[in-house]
Amino acid sequence: MVKVKPWLGTVLIAIVLAIAPLVVGASLGNAWVRVLDFAVLYIMLALGLNIVVGFAGLLDLGYIAFYAVGAYLYALLASPHFGLHWPVWAVLPLGAMVAGLFGVLLGAPTLRLRGDYLAIVTLGFGEIIRIFLNNLNAPINITNGPKGIARIDPLSLFGVPLSKPIEIAGYTLSGVMLYYYVFVALALLVVLVGVRLQDSRIGRAWVAIREDEIAAKACGINTRNVKLLAFAMGASFGGIAGGLFASFQEFVSPESFGLLESVMVLCMVVLGGMGHIPGVILGGLMLTILPEAFRHGAGPIQQAIFGKVLLDPEALRMLLFGLALIAVMLYRPAGLWPEPRHRRELAQ
Amino acid sequence: MDIFLQQLINGLTLGAIYALVALGYTMVYGILGLINFAHGEVVMIGALTALAVVKPLAASGLPGPVVLLIGLLVAVLVCMALGFTIERIAYRPLRNAPRLAPLITAIGVSIVLQQLAMLIWGRNYHSVPALLPAEGHEVFGATFTELQLIIVAVAGITMAGLMLLVNRTRLGRAMRATAENPAIAGLMGVDANRIIALTFVIGSALAALAGVLVSANYGIAHYNMGFILGLKAFTAAVLGGIGNLAGAMVGGVLLGVIEALGAGYIGDLTGGVLGSHYQDVFAFFVLITVLIFRPSGLMGEKVSERA
């Protein structure tokens with residue numbers, strides 16, 4: 001076998017990442033570049049959740065709350081709602097910090113809980129955040145209630161707003177493509193942080209806690225601080241992704257932050273392979289692109305076979321999603337692309 | 001004072017329903033150590049099935065209670081079959097899998113049930129025909145309806161029956177033995193698989209009953225009604241001490257009362273800043289508070305940390 005140069009893979013991935021939106025935009029249209037943007041956003045979210053669930057083994061079913069915190073913070077600080085227009089450089093890091101704070105706020109009281117209990121409490125936390133977002137329009141209008149906040153400032157870098165197309169060397173890059181490159185750059189940063197964390201002292205402490213908390217404690221790991229750190233880190237990634245989401249959509253409403261979204265992100269992590277960064281990326285890609293393809297395909301295919309649309313494509317999509325969850329867990333309980341270390345353990 | 005009494009009556013009614021659903025969670029948790037996330041959806045299926053039977057029958061001129069009884073019977077049978085199937089397909093193959101796996105299949109099952117219900121019954125809210133007497137009676141300035149009385153009575157009798165079943169019969173002893181230690185119970189001649197399946201079936205029957213009662217109480221049924229109800233019932237089970245049957249009942253009633261009183265008074269207490277649409281938040285605050293200060297619940301035994 002020919003020995004492949006290690007940098008070759010990196011270069012290949014870079015090329016694919018760079019030309020993907022151009023190819024997709026030219027062949028399938030900008031709507032699909034938008035899907036790609038969302039895929040990258042969700043991958044960021046899934047990587048954040050992966051720290052909490054995959055590395056530290058703390059099951060979090062309310063993760064979308066941090067996404068909501070980041071999104072609403074951006075919406076409040078950069079929209080006509082309060083008349084504030086803070087720059088991205090200030091809002092995104094602030095969003096990460098505030099979301100991280102919320103992570104600690106959630107983590108602190110739940111540290112003693114394990115497994116299923118933790119799942120339910122985090123789920124409750126997510127719902128509480130959503131209920132507050134929905135109702136904090138009276139007596140003082142903070143979140144504008146169920147109507148949401150509109151006309152949020154688009155992302156702008158060095159004075160160039162990303163929402164308008166720009167021309168480079170005779171080639172027009174549309175807004176969604178520009179967003180894509182920004183998202184990918186940040187996602188790569190998140191991946192880098194994730195990989196470095198995994199191999200760090202903290203990352204090993206997380207894995208130790210996941211595998212056996214009592215033994216980890218006995219080995220001198222300060223489990224309280226390390227778990228809190230996992231919550232805070234995961235949450236701050238969610239906060240950044242939320243800010244990006246708000247600027248990309250230019251609109252936020254409580255509807256975007258329901259339990260189903262939390263479940264979706266968790267499924268990306270679990271289906272892809274918990275604790276394994278490439279697996280999580282695969283999970284994120286699959287779960288954003290496949291349902292979207294299905295949404296576009298299901299109507300016409302039914303039309304072609306039965307002559308009319310028998311079943312609502314949206315319901316059908318969710319139905320298949322549920323069935324896929326069950327099937328994957330039954331046949332591959334460790335996920336589609338599990339961590340090699342896990343695989344070894346399972347094989348023994 | 002009359003607000004207090006009124007909300008107490010409403011809370012008791014709601015609490016009786018929570019208790020019925022909570023029993024399903026607690027029984028399964030007691031035996032398998034698993035949160036059956038799909039349980040709330042079984043309640044929903046029960047309510048909608050009963051409705052589908054009741055609606056055409058109500059026009060036929062049969063007396064209301066008889067129609068409701070037929071609907072209830074069908075709903076219970078459907079839900080029992082459903083509970084059995086869920087256990088067989090989604091939980092049994094994963095009994096020795098990583099802890100997260102059954103949780104994910106449970107989420108999958110609840111998504112599937114919800115979407116199926118949506119495909120069958122549509123997205124609309126269905127109004128439930130009033131088949132039971134809803135006459136109001138006044139006590140100390142508060143009103144309770146006969147419907148509320150019936151709900152509390154039916155729930156109470158059912159729970160008493162369940163307690164008898166679990167504590168006094170051979171089957172109940174087998175269930176308790178399996179909950180204690182499945183392997184040893186197996187050595188004593190208990191077919192653990194059968195007992196677990198039965199637990200799911202009984203829990204689902206209770207869920208169907210709860211579904212019928214809750215839709216009668218609110219006069220409305222919807223494909224999305226199961227989730228939040230299930231969550232609250234789970235909170236009730238945790239509040240009482242999960243795995244403990246009496247605890248689930250106490251927890252359910254307590255949660256119903258807390259919620260009703262909270263919704264009744266929150267406006268006054270906060271000077272109108274927070275309104276009764278925060279009602280759903282109470283359950284979660286109760287849950288979080290209980291888990292922080294008394295993770296084993298009010299009546300649960302102290303469990304040591306799993307090694």
# chains A, B, ... in the order shown; residues from 1 in each chain; ligands from 1

call {"tool": "select_by_dssp", "arguments": {"residues": "range 58-240 of chain B", "states": "strand (DSSP E)", "output": "PyMOL selection string"}}
result
chain B and resi 126-127+136-139+142-145+220-221

call {"tool": "write_last_selection", "arguments": {"atoms": "C-alpha atoms", "output": "PDB file, in the first residue's frame"}}
result
ATOM      1  CA  HIS B 126     -60.685  17.631  19.347  1.00  0.00           C
ATOM      2  CA  SER B 127     -63.481  18.544  21.676  1.00  0.00           C
ATOM      3  CA  GLY B 136     -71.751  21.982  39.991  1.00  0.00           C
ATOM      4  CA  HIS B 137     -72.173  21.800  43.751  1.00  0.00           C
ATOM      5  CA  GLU B 138     -71.219  24.546  46.100  1.00  0.00           C
ATOM      6  CA  VAL B 139     -69.233  23.996  49.278  1.00  0.00           C
ATOM      7  CA  ALA B 142     -66.166  26.895  46.055  1.00  0.00           C
ATOM      8  CA  THR B 143     -67.713  24.781  43.327  1.00  0.00           C
ATOM      9  CA  PHE B 144     -66.921  21.202  42.505  1.00  0.00           C
ATOM     10  CA  THR B 145     -68.536  19.310  39.657  1.00  0.00           C
ATOM     11  CA  ILE B 220     -60.165  18.531  24.855  1.00  0.00           C
ATOM     12  CA  ALA B 221     -57.795  15.994  23.293  1.00  0.00           C
TER      13      ALA B 221
END

call {"tool": "select_by_dssp", "arguments": {"residues": "range 124-202 of chain A", "states": "helix (DSSP H, G or I)", "output": "PyMOL selection string"}}
result
chain A and resi 124-135+145-147+175-199+201-202

call {"tool": "write_last_selection", "arguments": {"atoms": "C-alpha atoms", "output": "mmCIF file, in the first residue's frame"}}
result
data_model
loop_
_atom_site.group_PDB
_atom_site.id
_atom_site.type_symbol
_atom_site.label_atom_id
_atom_site.label_comp_id
_atom_site.auth_asym_id
_atom_site.auth_seq_id
_atom_site.Cartn_x
_atom_site.Cartn_y
_atom_site.Cartn_z
ATOM 1 C CA GLY A 124 -37.085 20.830 32.770
ATOM 2 C CA PHE A 125 -34.484 23.591 32.687
ATOM 3 C CA GLY A 126 -34.779 23.836 28.914
ATOM 4 C CA GLU A 127 -38.552 24.100 29.163
ATOM 5 C CA ILE A 128 -38.314 26.766 31.884
ATOM 6 C CA ILE A 129 -36.084 28.903 29.673
ATOM 7 C CA ARG A 130 -38.513 28.510 26.794
ATOM 8 C CA ILE A 131 -41.537 29.364 28.935
ATOM 9 C CA PHE A 132 -39.785 32.485 30.185
ATOM 10 C CA LEU A 133 -38.828 33.549 26.666
ATOM 11 C CA ASN A 134 -42.449 33.073 25.703
ATOM 12 C CA ASN A 135 -43.857 35.130 28.564
ATOM 13 C CA GLY A 145 -43.046 37.021 23.768
ATOM 14 C CA PRO A 146 -44.194 34.465 21.206
ATOM 15 C CA LYS A 147 -43.865 36.988 18.381
ATOM 16 C CA GLY A 175 -24.906 35.949 1.418
ATOM 17 C CA VAL A 176 -25.519 32.339 2.389
ATOM 18 C CA MET A 177 -22.101 31.387 0.973
ATOM 19 C CA LEU A 178 -20.371 34.114 2.962
ATOM 20 C CA TYR A 179 -22.102 32.886 6.090
ATOM 21 C CA TYR A 180 -20.994 29.399 5.212
ATOM 22 C CA TYR A 181 -17.331 30.360 5.249
ATOM 23 C CA VAL A 182 -17.667 32.172 8.575
ATOM 24 C CA PHE A 183 -19.529 29.238 10.097
ATOM 25 C CA VAL A 184 -17.006 26.734 8.810
ATOM 26 C CA ALA A 185 -14.132 28.774 10.171
ATOM 27 C CA LEU A 186 -15.744 28.869 13.601
ATOM 28 C CA ALA A 187 -16.717 25.212 13.408
ATOM 29 C CA LEU A 188 -13.109 24.314 12.646
ATOM 30 C CA LEU A 189 -12.099 26.305 15.692
ATOM 31 C CA VAL A 190 -14.616 24.366 17.762
ATOM 32 C CA VAL A 191 -13.285 21.089 16.382
ATOM 33 C CA LEU A 192 -9.751 22.144 17.194
ATOM 34 C CA VAL A 193 -10.698 23.097 20.735
ATOM 35 C CA GLY A 194 -12.585 19.824 21.081
ATOM 36 C CA VAL A 195 -9.674 17.700 19.898
ATOM 37 C CA ARG A 196 -7.155 19.497 22.086
ATOM 38 C CA LEU A 197 -9.506 19.278 25.067
ATOM 39 C CA GLN A 198 -9.998 15.584 24.573
ATOM 40 C CA ASP A 199 -6.309 14.858 24.911
ATOM 41 C CA ARG A 201 -5.639 16.691 31.402
ATOM 42 C CA ILE A 202 -9.211 17.965 31.665
#

call {"tool": "closest_atom_pairs", "arguments": {"of": "chain A", "to": "chain B", "cutoff": "6 Å", "atoms": "only C-alpha atoms", "output": "Markdown table"}}
result
| residue | atom | partner | partner_atom | distance |
| --- | --- | --- | --- | --- |
| A:Gly124 | CA | B:Phe284 | CA | 5.3 |
| A:Ile128 | CA | B:Val281 | CA | 5.8 |
| A:Ala315 | CA | B:Gln115 | CA | 5.7 |
| A:Leu319 | CA | B:Val112 | CA | 5.0 |
| A:Gly322 | CA | B:Gly108 | CA | 4.2 |
| A:Leu325 | CA | B:Gly108 | CA | 5.4 |
| A:Ile326 | CA | B:Thr105 | CA | 4.6 |
| A:Met329 | CA | B:Ala101 | CA | 5.8 |
| A:Pro333 | CA | B:Ala101 | CA | 5.8 |

call {"tool": "write_last_selection", "arguments": {"atoms": "C-alpha atoms", "output": "short mmCIF file (atom, residue, chain, number, x, y, z; two decimals), in the first residue's frame"}}
result
data_model
loop_
_atom_site.label_atom_id
_atom_site.label_comp_id
_atom_site.auth_asym_id
_atom_site.auth_seq_id
_atom_site.Cartn_x
_atom_site.Cartn_y
_atom_site.Cartn_z
CA GLY A 124 -37.09 20.83 32.77
CA ILE A 128 -38.31 26.77 31.88
CA ALA A 315 -45.15 14.05 9.61
CA LEU A 319 -42.00 9.35 11.70
CA GLY A 322 -38.23 8.20 15.13
CA LEU A 325 -33.54 6.33 16.09
CA ILE A 326 -34.98 3.04 17.29
CA MET A 329 -29.97 1.99 18.71
CA PRO A 333 -26.05 0.92 20.31
#

call {"tool": "residues_around", "arguments": {"residues": "Met274 in chain A", "least_positions_apart": "2", "cutoff": "9 Å", "atoms": "only C-alpha atoms", "output": "PDB file with C-alpha atoms, in the first residue's frame"}}
result
ATOM      1  CA  ASN A  50     -20.538  16.188  22.864  1.00  0.00           C
ATOM      2  CA  VAL A  53     -22.623  14.010  26.982  1.00  0.00           C
ATOM      3  CA  GLY A  54     -19.818  12.341  25.086  1.00  0.00           C
ATOM      4  CA  PHE A  55     -16.762  13.263  27.115  1.00  0.00           C
ATOM      5  CA  GLY A  57     -21.071  11.351  30.264  1.00  0.00           C
ATOM      6  CA  MET A 268     -26.660  13.771  16.355  1.00  0.00           C
ATOM      7  CA  VAL A 269     -24.215  13.040  19.150  1.00  0.00           C
ATOM      8  CA  VAL A 270     -25.555   9.610  20.005  1.00  0.00           C
ATOM      9  CA  LEU A 271     -26.224   8.382  16.467  1.00  0.00           C
ATOM     10  CA  GLY A 272     -22.854   9.572  15.255  1.00  0.00           C
ATOM     11  CA  HIS A 276     -15.929  10.668  18.964  1.00  0.00           C
ATOM     12  CA  ILE A 277     -15.562  13.983  17.154  1.00  0.00           C
ATOM     13  CA  GLY A 279     -18.654  10.547  14.453  1.00  0.00           C
ATOM     14  CA  VAL A 280     -20.467  13.546  15.903  1.00  0.00           C
ATOM     15  CA  ALA A 334     -22.675   2.693  20.320  1.00  0.00           C
ATOM     16  CA  GLY A 335     -23.506   4.848  17.289  1.00  0.00           C
ATOM     17  CA  TRP A 337     -18.993   5.716  13.976  1.00  0.00           C
ATOM     18  CA  PRO A 338     -18.014   5.041  17.570  1.00  0.00           C
ATOM     19  CA  GLU A 339     -14.794   5.922  19.294  1.00  0.00           C
TER      20      GLU A 339
END

call {"tool": "residues_around", "arguments": {"residues": "Pro133 in chain B", "least_positions_apart": "3", "cutoff": "8 Å", "atoms": "only C-alpha atoms", "output": "list in words"}}
result
Ala130, Thr145, Glu146 and Leu147 of chain B

call {"tool": "write_last_selection", "arguments": {"atoms": "N, CA and C atoms", "output": "mmCIF file, in the first residue's frame"}}
result
data_model
loop_
_atom_site.group_PDB
_atom_site.id
_atom_site.type_symbol
_atom_site.label_atom_id
_atom_site.label_comp_id
_atom_site.auth_asym_id
_atom_site.auth_seq_id
_atom_site.Cartn_x
_atom_site.Cartn_y
_atom_site.Cartn_z
ATOM 1 N N ALA B 130 -69.360 15.848 26.347
ATOM 2 C CA ALA B 130 -69.571 15.747 27.787
ATOM 3 C C ALA B 130 -70.528 14.604 28.065
ATOM 4 N N THR B 145 -67.556 19.933 40.539
ATOM 5 C CA THR B 145 -68.536 19.310 39.657
ATOM 6 C C THR B 145 -68.568 17.815 39.940
ATOM 7 N N GLU B 146 -69.654 17.184 39.504
ATOM 8 C CA GLU B 146 -69.743 15.733 39.685
ATOM 9 C C GLU B 146 -68.648 15.033 38.900
ATOM 10 N N LEU B 147 -68.293 15.641 37.776
ATOM 11 C CA LEU B 147 -67.222 15.072 36.972
ATOM 12 C C LEU B 147 -65.933 14.983 37.787
#

call {"tool": "closest_residue", "arguments": {"among": "A:Leu22, A:Leu101, A:Val35, A:Val11", "to": "Leu287 in chain A", "atoms": "only C-alpha atoms"}}
result
A:Val35

call {"tool": "residues_around", "arguments": {"residues": "Gly226 in chain B", "least_positions_apart": "2", "cutoff": "7 Å", "atoms": "only C-alpha atoms", "output": "PyMOL selection string"}}
result
chain B and resi 40-41+43-44+224+228-230

call {"tool": "decode", "arguments": {"residues": "range 225-273 of chain A", "atoms": "N, CA and C atoms", "output": "compact mmCIF listing (two decimals), in the first residue's frame"}}
result
# COMPACT_ATOMS: atom_id res chain seq x y z
N ASN A 225 -15.60 20.48 40.18
CA ASN A 225 -15.13 21.53 39.28
C ASN A 225 -15.05 21.03 37.85
N VAL A 226 -14.59 19.80 37.68
CA VAL A 226 -14.41 19.29 36.32
C VAL A 226 -15.75 19.13 35.62
N LYS A 227 -16.77 18.68 36.36
CA LYS A 227 -18.10 18.55 35.77
C LYS A 227 -18.67 19.93 35.43
N LEU A 228 -18.50 20.87 36.35
CA LEU A 228 -18.98 22.22 36.08
C LEU A 228 -18.32 22.78 34.83
N LEU A 229 -17.04 22.50 34.71
CA LEU A 229 -16.30 22.98 33.54
C LEU A 229 -16.89 22.40 32.26
N ALA A 230 -17.26 21.11 32.32
CA ALA A 230 -17.86 20.49 31.14
C ALA A 230 -19.16 21.20 30.78
N PHE A 231 -19.99 21.46 31.79
CA PHE A 231 -21.24 22.16 31.54
C PHE A 231 -20.98 23.53 30.92
N ALA A 232 -20.03 24.26 31.53
CA ALA A 232 -19.76 25.62 31.07
C ALA A 232 -19.22 25.62 29.64
N MET A 233 -18.28 24.71 29.35
CA MET A 233 -17.69 24.65 28.01
C MET A 233 -18.75 24.32 26.98
N GLY A 234 -19.50 23.26 27.25
CA GLY A 234 -20.54 22.85 26.30
C GLY A 234 -21.52 23.99 26.07
N ALA A 235 -21.93 24.63 27.15
CA ALA A 235 -22.91 25.71 27.06
C ALA A 235 -22.37 26.87 26.24
N SER A 236 -21.08 27.22 26.44
CA SER A 236 -20.57 28.39 25.73
C SER A 236 -20.49 28.12 24.23
N PHE A 237 -20.19 26.88 23.84
CA PHE A 237 -20.24 26.56 22.40
C PHE A 237 -21.66 26.76 21.88
N GLY A 238 -22.62 26.29 22.68
CA GLY A 238 -24.02 26.48 22.30
C GLY A 238 -24.37 27.95 22.17
N GLY A 239 -23.83 28.77 23.09
CA GLY A 239 -24.10 30.20 23.05
C GLY A 239 -23.58 30.85 21.79
N ILE A 240 -22.37 30.47 21.38
CA ILE A 240 -21.81 31.02 20.15
C ILE A 240 -22.68 30.63 18.96
N ALA A 241 -23.02 29.34 18.90
CA ALA A 241 -23.85 28.87 17.79
C ALA A 241 -25.18 29.62 17.77
N GLY A 242 -25.72 29.89 18.96
CA GLY A 242 -26.99 30.62 19.04
C GLY A 242 -26.87 32.02 18.48
N GLY A 243 -25.77 32.71 18.84
CA GLY A 243 -25.56 34.06 18.31
C GLY A 243 -25.48 34.05 16.79
N LEU A 244 -24.76 33.06 16.27
CA LEU A 244 -24.64 32.96 14.81
C LEU A 244 -26.01 32.71 14.18
N PHE A 245 -26.77 31.84 14.84
CA PHE A 245 -28.11 31.52 14.34
C PHE A 245 -28.97 32.79 14.24
N ALA A 246 -28.93 33.60 15.33
CA ALA A 246 -29.75 34.81 15.35
C ALA A 246 -29.35 35.75 14.22
N SER A 247 -28.04 35.91 14.01
CA SER A 247 -27.60 36.85 12.99
C SER A 247 -27.91 36.31 11.59
N PHE A 248 -27.88 35.00 11.47
CA PHE A 248 -28.12 34.38 10.16
C PHE A 248 -29.60 34.48 9.79
N GLN A 249 -30.47 34.15 10.76
CA GLN A 249 -31.91 34.19 10.51
C GLN A 249 -32.44 35.61 10.48
N GLU A 250 -31.76 36.50 11.21
CA GLU A 250 -32.21 37.87 11.46
C GLU A 250 -33.56 37.88 12.17
N PHE A 251 -33.90 36.77 12.82
CA PHE A 251 -35.16 36.66 13.55
C PHE A 251 -35.03 35.54 14.58
N VAL A 252 -35.51 35.76 15.79
CA VAL A 252 -35.58 34.66 16.76
C VAL A 252 -36.96 34.65 17.40
N SER A 253 -37.46 33.44 17.69
CA SER A 253 -38.69 33.33 18.47
C SER A 253 -38.57 32.06 19.31
N PRO A 254 -39.33 32.00 20.41
CA PRO A 254 -39.19 30.85 21.31
C PRO A 254 -39.43 29.51 20.61
N GLU A 255 -40.18 29.55 19.51
CA GLU A 255 -40.52 28.33 18.81
C GLU A 255 -39.29 27.53 18.36
N SER A 256 -38.19 28.26 18.07
CA SER A 256 -37.00 27.57 17.55
C SER A 256 -36.28 26.78 18.63
N PHE A 257 -36.70 26.90 19.88
CA PHE A 257 -35.90 26.32 20.95
C PHE A 257 -36.68 25.32 21.77
N GLY A 258 -37.49 24.51 21.09
CA GLY A 258 -38.29 23.51 21.79
C GLY A 258 -37.48 22.28 22.15
N LEU A 259 -38.13 21.39 22.87
CA LEU A 259 -37.47 20.17 23.30
C LEU A 259 -36.99 19.34 22.11
N LEU A 260 -37.77 19.39 21.03
CA LEU A 260 -37.42 18.57 19.88
C LEU A 260 -36.04 18.94 19.35
N GLU A 261 -35.71 20.24 19.44
CA GLU A 261 -34.38 20.65 18.98
C GLU A 261 -33.29 20.04 19.86
N SER A 262 -33.53 20.07 21.17
CA SER A 262 -32.57 19.44 22.09
C SER A 262 -32.39 17.97 21.74
N VAL A 263 -33.52 17.31 21.50
CA VAL A 263 -33.48 15.89 21.17
C VAL A 263 -32.70 15.68 19.88
N MET A 264 -32.96 16.55 18.91
CA MET A 264 -32.28 16.47 17.62
C MET A 264 -30.76 16.52 17.82
N VAL A 265 -30.29 17.50 18.59
CA VAL A 265 -28.85 17.65 18.80
C VAL A 265 -28.30 16.43 19.54
N LEU A 266 -29.04 15.99 20.55
CA LEU A 266 -28.59 14.80 21.28
C LEU A 266 -28.49 13.61 20.34
N CYS A 267 -29.45 13.49 19.44
CA CYS A 267 -29.44 12.36 18.52
C CYS A 267 -28.24 12.43 17.58
N MET A 268 -27.86 13.64 17.18
CA MET A 268 -26.66 13.77 16.35
C MET A 268 -25.46 13.18 17.09
N VAL A 269 -25.35 13.52 18.36
CA VAL A 269 -24.22 13.04 19.15
C VAL A 269 -24.28 11.53 19.31
N VAL A 270 -25.46 11.03 19.68
CA VAL A 270 -25.56 9.61 20.00
C VAL A 270 -25.52 8.74 18.75
N LEU A 271 -26.22 9.17 17.70
CA LEU A 271 -26.22 8.38 16.47
C LEU A 271 -24.84 8.36 15.84
N GLY A 272 -24.17 9.51 15.88
CA GLY A 272 -22.85 9.57 15.25
C GLY A 272 -21.84 8.74 16.01
N GLY A 273 -21.90 8.78 17.31
CA GLY A 273 -20.93 8.06 18.13
C GLY A 273 -20.46 8.99 19.23
